[in-house]
file target_34.cif (mmCIF, C-alpha atoms and all ligand atoms)
data_final
loop_
_atom_site.label_atom_id
_atom_site.label_comp_id
_atom_site.auth_asym_id
_atom_site.auth_seq_id
_atom_site.Cartn_x
_atom_site.Cartn_y
_atom_site.Cartn_z
CA MET M 1 -1.73 -4.34 -23.89
CA TYR M 2 -2.31 -7.99 -23.03
CA THR M 3 -3.00 -6.45 -19.64
CA GLN M 4 -4.95 -3.38 -20.55
CA ALA M 5 -5.91 -3.20 -16.87
CA LEU M 6 -9.11 -1.32 -17.40
CA ASN M 7 -10.96 -2.88 -14.55
CA ALA M 8 -8.40 -1.28 -12.30
CA ARG M 9 -9.94 -0.07 -9.10
CA ASP M 10 -7.87 1.36 -6.29
CA THR M 11 -4.14 1.16 -6.67
CA THR M 12 -3.18 3.59 -3.96
CA ALA M 13 -2.01 1.86 -0.81
CA PRO M 14 -4.24 2.34 2.21
CA VAL M 15 -2.07 3.71 4.96
CA ALA M 16 -3.21 2.21 8.25
CA GLY M 17 -1.10 3.26 11.18
CA PRO M 18 2.62 4.03 11.53
CA GLU M 19 3.72 0.36 11.39
CA GLU M 20 2.06 -0.15 8.02
CA ALA M 21 3.56 3.11 6.78
CA ALA M 22 7.05 1.99 7.84
CA ARG M 23 6.64 -1.34 6.10
CA ALA M 24 5.39 0.40 2.97
CA ALA M 25 8.41 2.71 3.05
CA ARG M 26 10.80 -0.25 3.41
CA PHE M 27 9.01 -1.97 0.55
CA GLN M 28 9.33 1.09 -1.69
CA ALA M 29 13.01 1.38 -0.78
CA ARG M 30 13.58 -2.20 -1.95
CA ILE M 31 11.81 -1.40 -5.22
CA ASP M 32 13.85 1.78 -5.67
CA ALA M 33 17.02 -0.26 -5.14
CA GLU M 34 15.89 -2.55 -8.02
CA GLU M 35 15.48 -5.51 -5.68
CA ARG M 36 13.02 -8.15 -6.82
CA ILE M 37 9.97 -8.84 -4.68
CA GLU M 38 9.40 -12.56 -4.09
CA PRO M 39 6.16 -14.41 -3.24
CA ASN M 40 6.66 -14.72 0.52
CA ASP M 41 7.95 -11.18 1.00
CA TRP M 42 5.74 -8.60 2.65
CA MET M 43 3.98 -6.42 0.07
CA PRO M 44 1.22 -3.81 0.19
CA GLU M 45 -2.21 -5.31 -0.51
CA ALA M 46 -2.68 -2.93 -3.43
CA TYR M 47 0.57 -4.17 -5.01
CA ARG M 48 -0.65 -7.76 -4.65
CA ARG M 49 -4.06 -6.90 -6.12
CA THR M 50 -2.64 -4.88 -9.00
CA LEU M 51 -0.24 -7.65 -9.96
CA THR M 52 -2.77 -10.44 -9.57
CA ARG M 53 -5.08 -8.56 -11.89
CA GLN M 54 -2.38 -7.68 -14.39
CA ILE M 55 -0.73 -11.12 -14.54
CA SER M 56 -4.04 -12.98 -14.72
CA GLN M 57 -5.31 -10.66 -17.48
CA HIS M 58 -2.09 -11.36 -19.30
CA ALA M 59 -2.60 -15.12 -18.84
CA HIS M 60 -6.23 -14.92 -20.01
CA SER M 61 -5.06 -13.02 -23.09
CA GLU M 62 -2.57 -15.75 -24.01
CA ILE M 63 -5.26 -18.41 -23.67
CA VAL M 64 -8.07 -16.55 -25.46
CA GLY M 65 -5.48 -15.46 -28.02
CA MET M 66 -5.18 -19.07 -29.15
CA LEU M 67 -8.72 -18.98 -30.55
CA PRO M 68 -8.39 -16.58 -33.51
CA GLU M 69 -5.29 -18.43 -34.74
CA GLY M 70 -6.59 -21.89 -33.91
CA ASN M 71 -9.30 -21.03 -36.43
CA TRP M 72 -6.72 -21.49 -39.23
CA ILE M 73 -4.73 -24.52 -38.12
CA THR M 74 -6.73 -26.97 -40.22
CA ARG M 75 -6.69 -24.63 -43.22
CA ALA M 76 -3.04 -23.55 -43.30
CA PRO M 77 -1.89 -23.53 -46.93
CA THR M 78 1.12 -25.86 -46.52
CA LEU M 79 2.39 -28.44 -44.07
CA LYS M 80 5.25 -26.09 -43.12
CA ARG M 81 2.84 -23.28 -42.28
CA LYS M 82 0.61 -25.67 -40.38
CA ALA M 83 3.49 -27.01 -38.27
CA ALA M 84 4.64 -23.45 -37.52
CA LEU M 85 1.15 -22.28 -36.58
CA LEU M 86 0.59 -25.31 -34.35
CA ALA M 87 3.91 -24.62 -32.61
CA LYS M 88 3.01 -20.96 -32.18
CA VAL M 89 -0.42 -21.67 -30.74
CA GLN M 90 1.14 -24.27 -28.42
CA ASP M 91 3.61 -21.61 -27.25
CA GLU M 92 0.70 -19.30 -26.42
CA ALA M 93 -0.79 -22.07 -24.26
CA GLY M 94 2.59 -22.30 -22.55
CA HIS M 95 2.67 -18.53 -22.01
CA GLY M 96 -0.75 -18.72 -20.40
CA LEU M 97 0.45 -21.47 -18.07
CA TYR M 98 3.68 -19.68 -17.05
CA LEU M 99 1.59 -16.62 -16.27
CA TYR M 100 -1.13 -18.42 -14.30
CA SER M 101 1.68 -19.97 -12.21
CA ALA M 102 3.18 -16.53 -11.60
CA ALA M 103 -0.23 -15.11 -10.65
CA GLU M 104 -0.86 -17.99 -8.26
CA THR M 105 2.25 -17.13 -6.25
CA LEU M 106 0.35 -14.02 -5.15
CA GLY M 107 -2.24 -16.18 -3.42
CA THR M 108 -5.13 -16.66 -5.85
CA SER M 109 -5.64 -20.19 -7.19
CA ARG M 110 -5.70 -20.97 -10.87
CA GLU M 111 -9.24 -22.31 -10.48
CA GLU M 112 -10.35 -18.96 -9.09
CA LEU M 113 -8.60 -17.10 -11.93
CA PHE M 114 -10.33 -19.36 -14.49
CA ASP M 115 -13.66 -18.68 -12.81
CA GLN M 116 -13.09 -14.94 -13.05
CA LEU M 117 -12.52 -15.23 -16.78
CA LEU M 118 -15.39 -17.62 -17.47
CA ALA M 119 -17.80 -15.57 -15.36
CA GLY M 120 -16.84 -12.46 -17.33
CA ARG M 121 -15.35 -10.77 -14.26
CA ALA M 122 -11.84 -10.61 -15.73
CA LYS M 123 -10.67 -8.95 -18.90
CA TYR M 124 -8.38 -10.10 -21.66
CA SER M 125 -6.80 -8.07 -24.46
CA SER M 126 -9.26 -6.33 -26.76
CA ILE M 127 -7.33 -7.53 -29.82
CA PHE M 128 -8.57 -11.10 -29.56
CA ASN M 129 -12.15 -10.03 -30.16
CA TYR M 130 -11.48 -9.43 -33.84
CA PRO M 131 -12.11 -12.17 -36.41
CA THR M 132 -9.50 -13.94 -38.56
CA LEU M 133 -11.22 -13.82 -41.93
CA THR M 134 -8.41 -14.88 -44.27
CA TRP M 135 -5.05 -16.64 -44.14
CA ALA M 136 -3.36 -13.23 -44.34
CA ASP M 137 -4.79 -12.48 -40.90
CA ILE M 138 -2.47 -15.15 -39.49
CA GLY M 139 0.45 -13.26 -41.03
CA ALA M 140 -0.84 -9.94 -39.70
CA ILE M 141 -1.35 -11.34 -36.20
CA GLY M 142 2.18 -12.72 -35.97
CA TRP M 143 3.74 -9.59 -37.39
CA LEU M 144 1.60 -6.97 -35.64
CA VAL M 145 -0.08 -8.51 -32.59
CA ASP M 146 2.97 -10.46 -31.48
CA GLY M 147 5.12 -7.48 -32.47
CA ALA M 148 3.07 -5.24 -30.18
CA ALA M 149 3.20 -7.87 -27.44
CA ILE M 150 7.01 -7.96 -27.65
CA MET M 151 7.19 -4.16 -27.22
CA ASN M 152 5.16 -4.49 -24.06
CA GLN M 153 6.77 -7.63 -22.70
CA ILE M 154 10.46 -6.74 -23.00
CA PRO M 155 10.30 -4.07 -20.26
CA LEU M 156 8.21 -6.48 -18.15
CA CYS M 157 11.28 -8.74 -17.95
CA ARG M 158 12.54 -6.14 -15.42
CA CYS M 159 9.26 -5.92 -13.49
CA SER M 160 9.75 -5.65 -9.72
CA TYR M 161 7.85 -8.88 -9.05
CA GLY M 162 10.30 -11.78 -9.49
CA PRO M 163 7.96 -14.55 -10.72
CA TYR M 164 6.36 -12.24 -13.32
CA ALA M 165 9.73 -11.00 -14.55
CA ARG M 166 11.03 -14.57 -14.87
CA ALA M 167 7.91 -15.71 -16.73
CA MET M 168 8.35 -12.76 -19.11
CA ILE M 169 11.94 -13.75 -19.87
CA ARG M 170 10.76 -17.19 -20.99
CA VAL M 171 7.92 -15.65 -22.99
CA CYS M 172 10.15 -13.09 -24.73
CA LYS M 173 12.57 -15.80 -25.84
CA GLU M 174 9.69 -17.49 -27.66
CA GLU M 175 7.93 -14.45 -29.12
CA SER M 176 10.53 -13.60 -31.70
CA PHE M 177 9.68 -16.75 -33.68
CA HIS M 178 6.01 -15.74 -33.60
CA GLN M 179 6.65 -12.36 -35.11
CA ARG M 180 9.06 -13.60 -37.74
CA GLN M 181 6.78 -16.40 -38.93
CA GLY M 182 3.97 -13.84 -39.26
CA TYR M 183 6.11 -11.41 -41.20
CA GLU M 184 7.27 -14.20 -43.49
CA ILE M 185 3.64 -15.08 -44.27
CA MET M 186 3.03 -11.42 -45.17
CA LEU M 187 6.19 -11.31 -47.28
CA THR M 188 5.20 -14.44 -49.18
CA LEU M 189 1.75 -13.03 -49.90
CA CYS M 190 3.19 -9.66 -50.95
CA ARG M 191 5.53 -11.38 -53.39
CA GLY M 192 2.69 -13.53 -54.75
CA THR M 193 -0.20 -12.83 -57.08
CA PRO M 194 -2.02 -9.46 -57.02
CA GLU M 195 -4.89 -11.23 -55.23
CA GLN M 196 -2.51 -12.49 -52.55
CA LYS M 197 -1.00 -9.04 -52.08
CA ALA M 198 -4.48 -7.54 -51.84
CA MET M 199 -5.28 -10.09 -49.15
CA ALA M 200 -2.22 -8.98 -47.17
CA GLN M 201 -3.21 -5.32 -47.59
CA ASP M 202 -6.74 -6.05 -46.41
CA ALA M 203 -5.41 -7.80 -43.31
CA LEU M 204 -3.14 -4.84 -42.49
CA ASN M 205 -6.09 -2.48 -43.00
CA ARG M 206 -8.21 -4.38 -40.51
CA TRP M 207 -5.54 -5.10 -37.86
CA TRP M 208 -3.58 -1.84 -37.76
CA TRP M 209 -5.86 0.27 -35.61
CA PRO M 210 -6.86 -2.51 -33.19
CA CYS M 211 -3.12 -3.18 -32.72
CA LEU M 212 -2.50 0.44 -31.75
CA MET M 213 -5.34 0.10 -29.24
CA MET M 214 -3.57 -2.87 -27.63
CA PHE M 215 -1.32 -0.46 -25.76
CA GLY M 216 -4.30 0.85 -23.82
CA PRO M 217 -5.80 4.31 -23.38
CA PRO M 218 -3.69 7.43 -23.93
CA ASP M 219 -1.52 8.48 -21.00
CA ALA M 220 -3.74 11.43 -20.19
CA GLU M 221 -6.59 9.01 -19.47
CA SER M 222 -5.02 6.01 -17.80
CA GLN M 223 -5.77 6.03 -14.12
CA HIS M 224 -3.28 3.56 -12.75
CA SER M 225 -0.02 4.21 -14.58
CA ASP M 226 1.61 6.43 -11.93
CA GLN M 227 1.43 3.89 -9.15
CA SER M 228 2.49 1.05 -11.48
CA ALA M 229 5.50 3.10 -12.54
CA LYS M 230 6.40 3.82 -8.92
CA TRP M 231 6.24 0.10 -8.16
CA LYS M 232 8.31 -0.61 -11.26
CA ILE M 233 5.64 -2.86 -12.70
CA LYS M 234 5.33 -0.63 -15.72
CA ARG M 235 8.47 1.05 -17.02
CA PHE M 236 7.08 2.82 -20.08
CA SER M 237 3.75 4.57 -20.52
CA ASN M 238 1.09 3.38 -22.97
CA ASP M 239 1.85 6.19 -25.40
CA GLU M 240 5.61 5.59 -25.22
CA LEU M 241 5.19 1.91 -26.05
CA ARG M 242 2.69 2.70 -28.82
CA GLN M 243 5.16 5.12 -30.39
CA LYS M 244 8.00 2.58 -30.22
CA PHE M 245 5.75 0.06 -31.95
CA VAL M 246 4.73 2.45 -34.72
CA ASP M 247 8.36 3.50 -35.30
CA ALA M 248 9.49 -0.12 -35.56
CA THR M 249 6.59 -1.33 -37.68
CA VAL M 250 6.08 1.32 -40.36
CA PRO M 251 9.39 0.60 -42.16
CA GLN M 252 8.59 -3.12 -42.05
CA GLY M 253 5.26 -2.46 -43.76
CA GLN M 254 6.92 -0.24 -46.34
CA TYR M 255 9.34 -3.04 -47.14
CA LEU M 256 6.35 -5.24 -47.86
CA GLY M 257 5.05 -2.60 -50.26
CA LEU M 258 1.89 -2.15 -48.22
CA THR M 259 0.21 1.06 -47.13
CA PHE M 260 -1.07 1.83 -43.65
CA PRO M 261 -4.75 2.74 -43.30
CA ASP M 262 -3.92 6.11 -41.80
CA PRO M 263 -3.85 9.21 -44.04
CA ASP M 264 -2.20 11.18 -41.22
CA LEU M 265 0.76 8.84 -40.88
CA ALA M 266 3.87 10.94 -41.53
CA TYR M 267 7.51 10.95 -40.54
CA ASP M 268 8.50 13.71 -38.17
CA GLU M 269 12.13 14.38 -39.14
CA ALA M 270 12.90 16.59 -36.18
CA ALA M 271 11.63 14.13 -33.58
CA GLY M 272 12.62 11.01 -35.48
CA HIS M 273 9.18 9.48 -35.00
CA TRP M 274 6.29 8.36 -37.16
CA ARG M 275 3.24 10.43 -36.24
CA TYR M 276 -0.08 8.61 -36.46
CA GLY M 277 -3.65 9.85 -36.73
CA ALA M 278 -6.40 9.83 -34.10
CA ILE M 279 -7.32 6.47 -32.63
CA ASP M 280 -11.03 5.63 -32.37
CA TRP M 281 -11.23 5.17 -28.60
CA GLU M 282 -14.96 4.66 -28.79
CA GLU M 283 -14.38 1.43 -30.70
CA PHE M 284 -11.87 0.37 -28.05
CA LYS M 285 -14.36 1.04 -25.26
CA GLN M 286 -17.05 -0.92 -27.06
CA VAL M 287 -14.79 -3.94 -27.58
CA LEU M 288 -13.77 -3.91 -23.92
CA ALA M 289 -17.38 -3.59 -22.87
CA GLY M 290 -18.11 -6.87 -24.66
CA ASN M 291 -19.42 -5.47 -27.91
CA GLY M 292 -16.56 -6.30 -30.25
CA PRO M 293 -17.11 -8.51 -33.30
CA CYS M 294 -16.21 -11.78 -31.51
CA ASN M 295 -16.50 -11.23 -27.73
CA ARG M 296 -19.45 -13.55 -27.27
CA GLN M 297 -18.00 -16.25 -29.49
CA ARG M 298 -14.63 -16.21 -27.70
CA MET M 299 -16.20 -16.49 -24.27
CA LYS M 300 -18.52 -19.25 -25.40
CA GLN M 301 -15.60 -21.22 -26.84
CA ARG M 302 -13.64 -20.84 -23.57
CA ARG M 303 -16.62 -21.90 -21.46
CA ASP M 304 -17.39 -24.85 -23.71
CA ALA M 305 -13.77 -26.00 -23.67
CA HIS M 306 -13.63 -25.75 -19.89
CA ALA M 307 -16.89 -27.66 -19.47
CA ALA M 308 -15.87 -30.29 -22.01
CA GLY M 309 -12.62 -30.88 -20.12
CA ALA M 310 -14.33 -31.39 -16.74
CA TRP M 311 -14.55 -35.18 -17.10
CA VAL M 312 -10.85 -35.38 -17.92
CA ARG M 313 -9.90 -33.42 -14.81
CA GLU M 314 -12.26 -35.55 -12.72
CA ALA M 315 -10.95 -38.81 -14.16
CA ALA M 316 -7.32 -37.78 -13.63
CA MET M 317 -7.99 -36.91 -9.99
CA ALA M 318 -9.96 -40.15 -9.42
CA HIS M 319 -7.15 -42.17 -10.99
CA ALA M 320 -4.54 -40.43 -8.83
CA ALA M 321 -6.62 -41.07 -5.69
CA LYS M 322 -7.05 -44.75 -6.59
CA ARG M 323 -3.31 -45.18 -7.18
CA ALA M 324 -2.52 -43.45 -3.91
CA ARG M 325 -4.95 -45.72 -2.03
CA ARG M 326 -3.43 -48.84 -3.60
CA ALA M 327 0.09 -47.71 -2.83
CA ALA M 328 -0.88 -47.05 0.78
CA ALA M 329 -2.56 -50.47 1.11
CA LYS M 330 0.51 -52.17 -0.35
CA ALA M 331 2.80 -50.35 2.06
CA ASP M 332 0.53 -51.42 4.96
CA ALA M 333 0.60 -55.02 3.85
CA LEU M 334 4.39 -54.99 3.57
CA GLN M 335 4.72 -53.52 7.03
CA GLN M 336 2.43 -56.17 8.53
CA ALA M 337 4.35 -58.92 6.78
CA ALA M 338 7.63 -57.60 8.17
CA MET Y 1 -20.10 -29.56 -6.60
CA ALA Y 2 -16.83 -27.64 -6.70
CA GLU Y 3 -14.08 -29.44 -8.58
CA PRO Y 4 -11.24 -30.62 -6.34
CA LYS Y 5 -8.10 -28.55 -6.75
CA ILE Y 6 -5.44 -30.15 -8.90
CA PRO Y 7 -2.13 -30.32 -7.00
CA LEU Y 8 0.72 -27.93 -7.72
CA TRP Y 9 4.20 -29.18 -8.68
CA GLU Y 10 7.52 -27.40 -8.99
CA VAL Y 11 9.56 -28.17 -12.11
CA PHE Y 12 13.36 -28.47 -12.29
CA ILE Y 13 15.37 -28.96 -15.47
CA ARG Y 14 18.96 -30.06 -15.93
CA SER Y 15 20.09 -28.37 -19.10
CA ARG Y 16 23.36 -30.14 -19.94
CA ASN Y 17 25.42 -32.87 -18.41
CA GLY Y 18 27.38 -31.52 -15.51
CA LEU Y 19 24.98 -28.73 -14.55
CA ALA Y 20 22.57 -28.98 -11.63
CA HIS Y 21 18.80 -29.11 -12.00
CA LYS Y 22 17.40 -25.60 -11.92
CA HIS Y 23 13.94 -24.45 -10.91
CA VAL Y 24 12.00 -23.22 -13.94
CA GLY Y 25 8.44 -22.82 -12.72
CA SER Y 26 5.40 -24.75 -11.61
CA LEU Y 27 2.34 -26.49 -12.99
CA HIS Y 28 -0.78 -28.35 -11.92
CA ALA Y 29 -1.20 -32.08 -12.42
CA ALA Y 30 -3.25 -34.84 -10.83
CA ASP Y 31 -0.27 -37.16 -10.28
CA ALA Y 32 3.47 -37.50 -10.81
CA ALA Y 33 3.22 -39.14 -14.24
CA MET Y 34 0.97 -36.37 -15.54
CA ALA Y 35 3.17 -33.74 -13.94
CA LEU Y 36 6.21 -35.07 -15.80
CA GLN Y 37 4.30 -35.16 -19.07
CA ALA Y 38 3.01 -31.61 -18.57
CA ALA Y 39 6.47 -30.38 -17.55
CA ARG Y 40 7.87 -31.75 -20.79
CA ASP Y 41 5.18 -29.94 -22.82
CA VAL Y 42 5.22 -26.66 -20.92
CA TYR Y 43 8.90 -26.19 -20.12
CA THR Y 44 10.94 -28.08 -22.73
CA ARG Y 45 9.64 -27.21 -26.18
CA ARG Y 46 13.04 -26.07 -27.43
CA GLY Y 47 15.65 -28.46 -26.14
CA GLU Y 48 15.84 -26.76 -22.75
CA GLY Y 49 16.85 -29.90 -20.93
CA LEU Y 50 18.01 -33.48 -20.70
CA SER Y 51 16.42 -34.30 -17.37
CA LEU Y 52 13.29 -33.23 -15.52
CA TRP Y 53 12.32 -33.32 -11.85
CA VAL Y 54 8.82 -32.62 -10.61
CA VAL Y 55 8.30 -32.12 -6.89
CA PRO Y 56 4.98 -31.56 -5.09
CA SER Y 57 5.08 -27.90 -4.09
CA ALA Y 58 3.73 -28.84 -0.68
CA ALA Y 59 6.85 -30.94 -0.07
CA ILE Y 60 9.18 -27.95 -0.27
CA VAL Y 61 10.28 -26.42 3.01
CA ALA Y 62 11.38 -22.83 2.50
CA SER Y 63 13.21 -20.40 4.75
CA ASP Y 64 11.14 -17.48 5.96
CA PRO Y 65 12.02 -14.14 4.31
CA ALA Y 66 11.56 -12.57 7.74
CA ASP Y 67 14.53 -14.63 8.96
CA LYS Y 68 16.74 -13.41 6.16
CA GLU Y 69 19.02 -11.45 8.48
CA VAL Y 70 19.41 -14.19 11.08
CA MET Y 71 20.02 -16.81 8.41
CA PHE Y 72 22.34 -15.08 6.00
CA GLU Y 73 23.84 -11.96 7.58
CA PRO Y 74 26.42 -13.79 9.78
CA THR Y 75 28.38 -14.88 6.71
CA ALA Y 76 28.95 -11.27 5.69
CA SER Y 77 31.41 -10.71 8.55
CA LYS Y 78 33.35 -13.93 7.96
CA ILE Y 79 35.68 -12.57 5.36
CA TYR Y 80 38.35 -15.11 6.40
CA ARG Y 81 36.29 -17.71 4.53
CA HIS Y 82 37.39 -16.18 1.25
CA PRO Y 83 40.75 -16.77 -0.46
CA THR Y 84 41.39 -13.06 -0.91
CA PHE Y 85 41.63 -12.69 2.89
CA TYR Y 86 45.06 -14.32 2.83
CA GLU Y 87 48.22 -12.64 1.76
CA VAL Y 88 50.49 -14.52 -0.63
CA PRO Y 89 53.52 -12.67 -2.05
CA ASP Y 90 53.50 -12.06 -5.80
CA GLU Y 91 56.79 -13.96 -6.13
CA VAL Y 92 55.01 -17.15 -5.10
CA GLY Y 93 52.91 -16.93 -8.24
CA HIS Y 94 49.34 -18.02 -8.78
CA MET Y 95 47.77 -19.96 -5.94
FE FE M 401 2.33 -15.13 -26.11
FE FE M 402 3.09 -14.88 -29.28
#
call {"tool": "encode", "arguments": {"input": "target_34.cif", "output": "structure tokens"}}
result
Amino acid sequence: MYTQALNARDTTAPVAGPEEAARAARFQARIDAEERIEPNDWMPEAYRRTLTRQISQHAHSEIVGMLPEGNWITRAPTLKRKAALLAKVQDEAGHGLYLYSAAETLGTSREELFDQLLAGRAKYSSIFNYPTLTWADIGAIGWLVDGAAIMNQIPLCRCSYGPYARAMIRVCKEESFHQRQGYEIMLTLCRGTPEQKAMAQDALNRWWWPCLMMFGPPDAESQHSDQSAKWKIKRFSNDELRQKFVDATVPQGQYLGLTFPDPDLAYDEAAGHWRYGAIDWEEFKQVLAGNGPCNRQRMKQRRDAHAAGAWVREAAMAHAAKRARRAAAKADALQQAA
Amino acid sequence: MAEPKIPLWEVFIRSRNGLAHKHVGSLHAADAAMALQAARDVYTRRGEGLSLWVVPSAAIVASDPADKEVMFEPTASKIYRHPTFYEVPDEVGHM
């Protein structure tokens, strides 16, 4: 998902001595009792590391995710669509900031988290390495990418770590607008000229499979899900969330009169689920390894933006320091006069 | 040269008249004016509030979670602080 967590290393708690084991047991008991863990509470190092990685990957995804859509702000077809897209992209910036704040409560500074992203040491969601070639892609992203994000983020509102859960509640409140504005773009195109409908179909064809990959590797292959489930960070497995997304989305696509680029897609009456064909995990691996269509461009844009903003950050800090000095001098002078 | 760290601020919003300011999250800003501006952009994009406070995070003094028992347990036994501790006959009516 936005936190595909593929650079996961060790997530099993190192047990060092009986005291540590007792603390770990108390911690797990709190989790089992559905208590929220707060920043200053004791927590196993592996829990802290896992969450720092997951929340910061999520934050990076929100920020990098602004780039494919930002590509269309100046070319939105109407003022209404432009205002909506601007508001949506601004929301994604907000999501990134809520999440960086939540990650920081675990003890890693935002500057350090930025560095990890810019140095290529941190991951962000594979989905944002695909290009937005036409206006229909903006519809497809809102409908499918934000739709997939919602599936993932709703259970995170009950994550055991308080600041992450609270950030997710804010995020979820805002996501519904994102998905609906995307679907409305698709609907408008599908009700338009044959060329417009073909554009919508082409966008669905290109985004469908990468969206299914957003949920991460199949359960049989994901190394860290068990521990995350035990810690109540993750409440549904990758495959469970993927299935929920497919079940919710296929009827929406049918309503649009579009077809899904999957000849194996079929409704399983008995199970009540839409069954989908094999996902190309090799493509997923390649995109995560940096070889997707836009990886290099995205990272370059992030690095350039960060570098271009350096003088603003410097100037703001210099201004604040100057004002503080003047205020201190004034206070001194007043005291001497008194 | 490493960039200096931009200070952290905690953000509080009062949603409607009559309700208290409530903590909503934090943000980084060089000074108070920028913190207020950023708080408006980050935390109030949909009419969430009518008033904003920003407080330097470093200025907040918090109780230690390790002292939770010492701090908050004693109230658990003081049931006489609650109205339901006192018996009032039904005939007296609502009190
Ligand atoms: Fe988002
Ligand atoms: Fe979104």
call {"tool": "residues_around", "arguments": {"input": "target_34.cif", "residues": "range 51-62 of chain Y", "least_positions_apart": "4", "cutoff": "12 Å", "atoms": "only C-alpha atoms", "output": "PyMOL selection string"}}
result
(chain M and resi 39-40+101+105) or (chain Y and resi 6-44+47+66-68)
call {"tool": "interface_residues", "arguments": {"input": "target_34.cif", "of": "chain M", "to": "chain Y", "cutoff": "7 Å", "atoms": "only C-alpha atoms", "output": "list in words"}}
result
Asn40, Asp41, Gly94, Ser101, Ala316, Met317 and Ala320 of chain M
call {"tool": "residues_near_ligand", "arguments": {"input": "target_34.cif", "ligand": "ligand FE 402 (chain M)", "cutoff": "10 Å", "atoms": "all atoms listed in the file", "output": "PyMOL selection string"}}
result
chain M and resi 62+65-66+88-93+95+141-143+145-150+171-172+174-179
call {"tool": "atom_distance", "arguments": {"input": "target_34.cif", "atom1": "CA of Ala328 in chain M", "atom2": "CA of Trp311 in chain M"}}
result
25.4 Å
call {"tool": "atom_distance", "arguments": {"input": "target_34.cif", "atom1": "CA of Gly290 in chain M", "atom2": "CA of Ser126 in chain M"}}
result
9.1 Å
call {"tool": "closest_residue", "arguments": {"input": "target_34.cif", "among": "M:Ala321, M:Leu265, M:Ala308, M:Ile127", "to": "Val287 in chain M", "atoms": "all atoms listed in the file"}}
result
M:Ile127
call {"tool": "closest_residue", "arguments": {"input": "target_34.cif", "among": "M:Glu184, M:Glu269, M:Glu69, M:Glu35", "to": "ligand FE 401 (chain M)", "atoms": "all atoms listed in the file"}}
result
M:Glu69
call {"tool": "atom_distance", "arguments": {"input": "target_34.cif", "atom1": "CA of Arg235 in chain M", "atom2": "CA of Ser61 in chain M"}}
result
20.4 Å
call {"tool": "residues_around", "arguments": {"input": "target_34.cif", "residues": "range 192-199 of chain M", "least_positions_apart": "6", "cutoff": "12 Å", "atoms": "all atoms listed in the file", "output": "PyMOL selection string"}}
result
chain M and resi 133-140+185-186+205-206+256-259
call {"tool": "closest_residue", "arguments": {"input": "target_34.cif", "among": "M:Glu38, M:Leu86, M:Ala338, M:Met168", "to": "ligand FE 401 (chain M)", "atoms": "only C-alpha atoms and all ligand atoms"}}
result
M:Met168
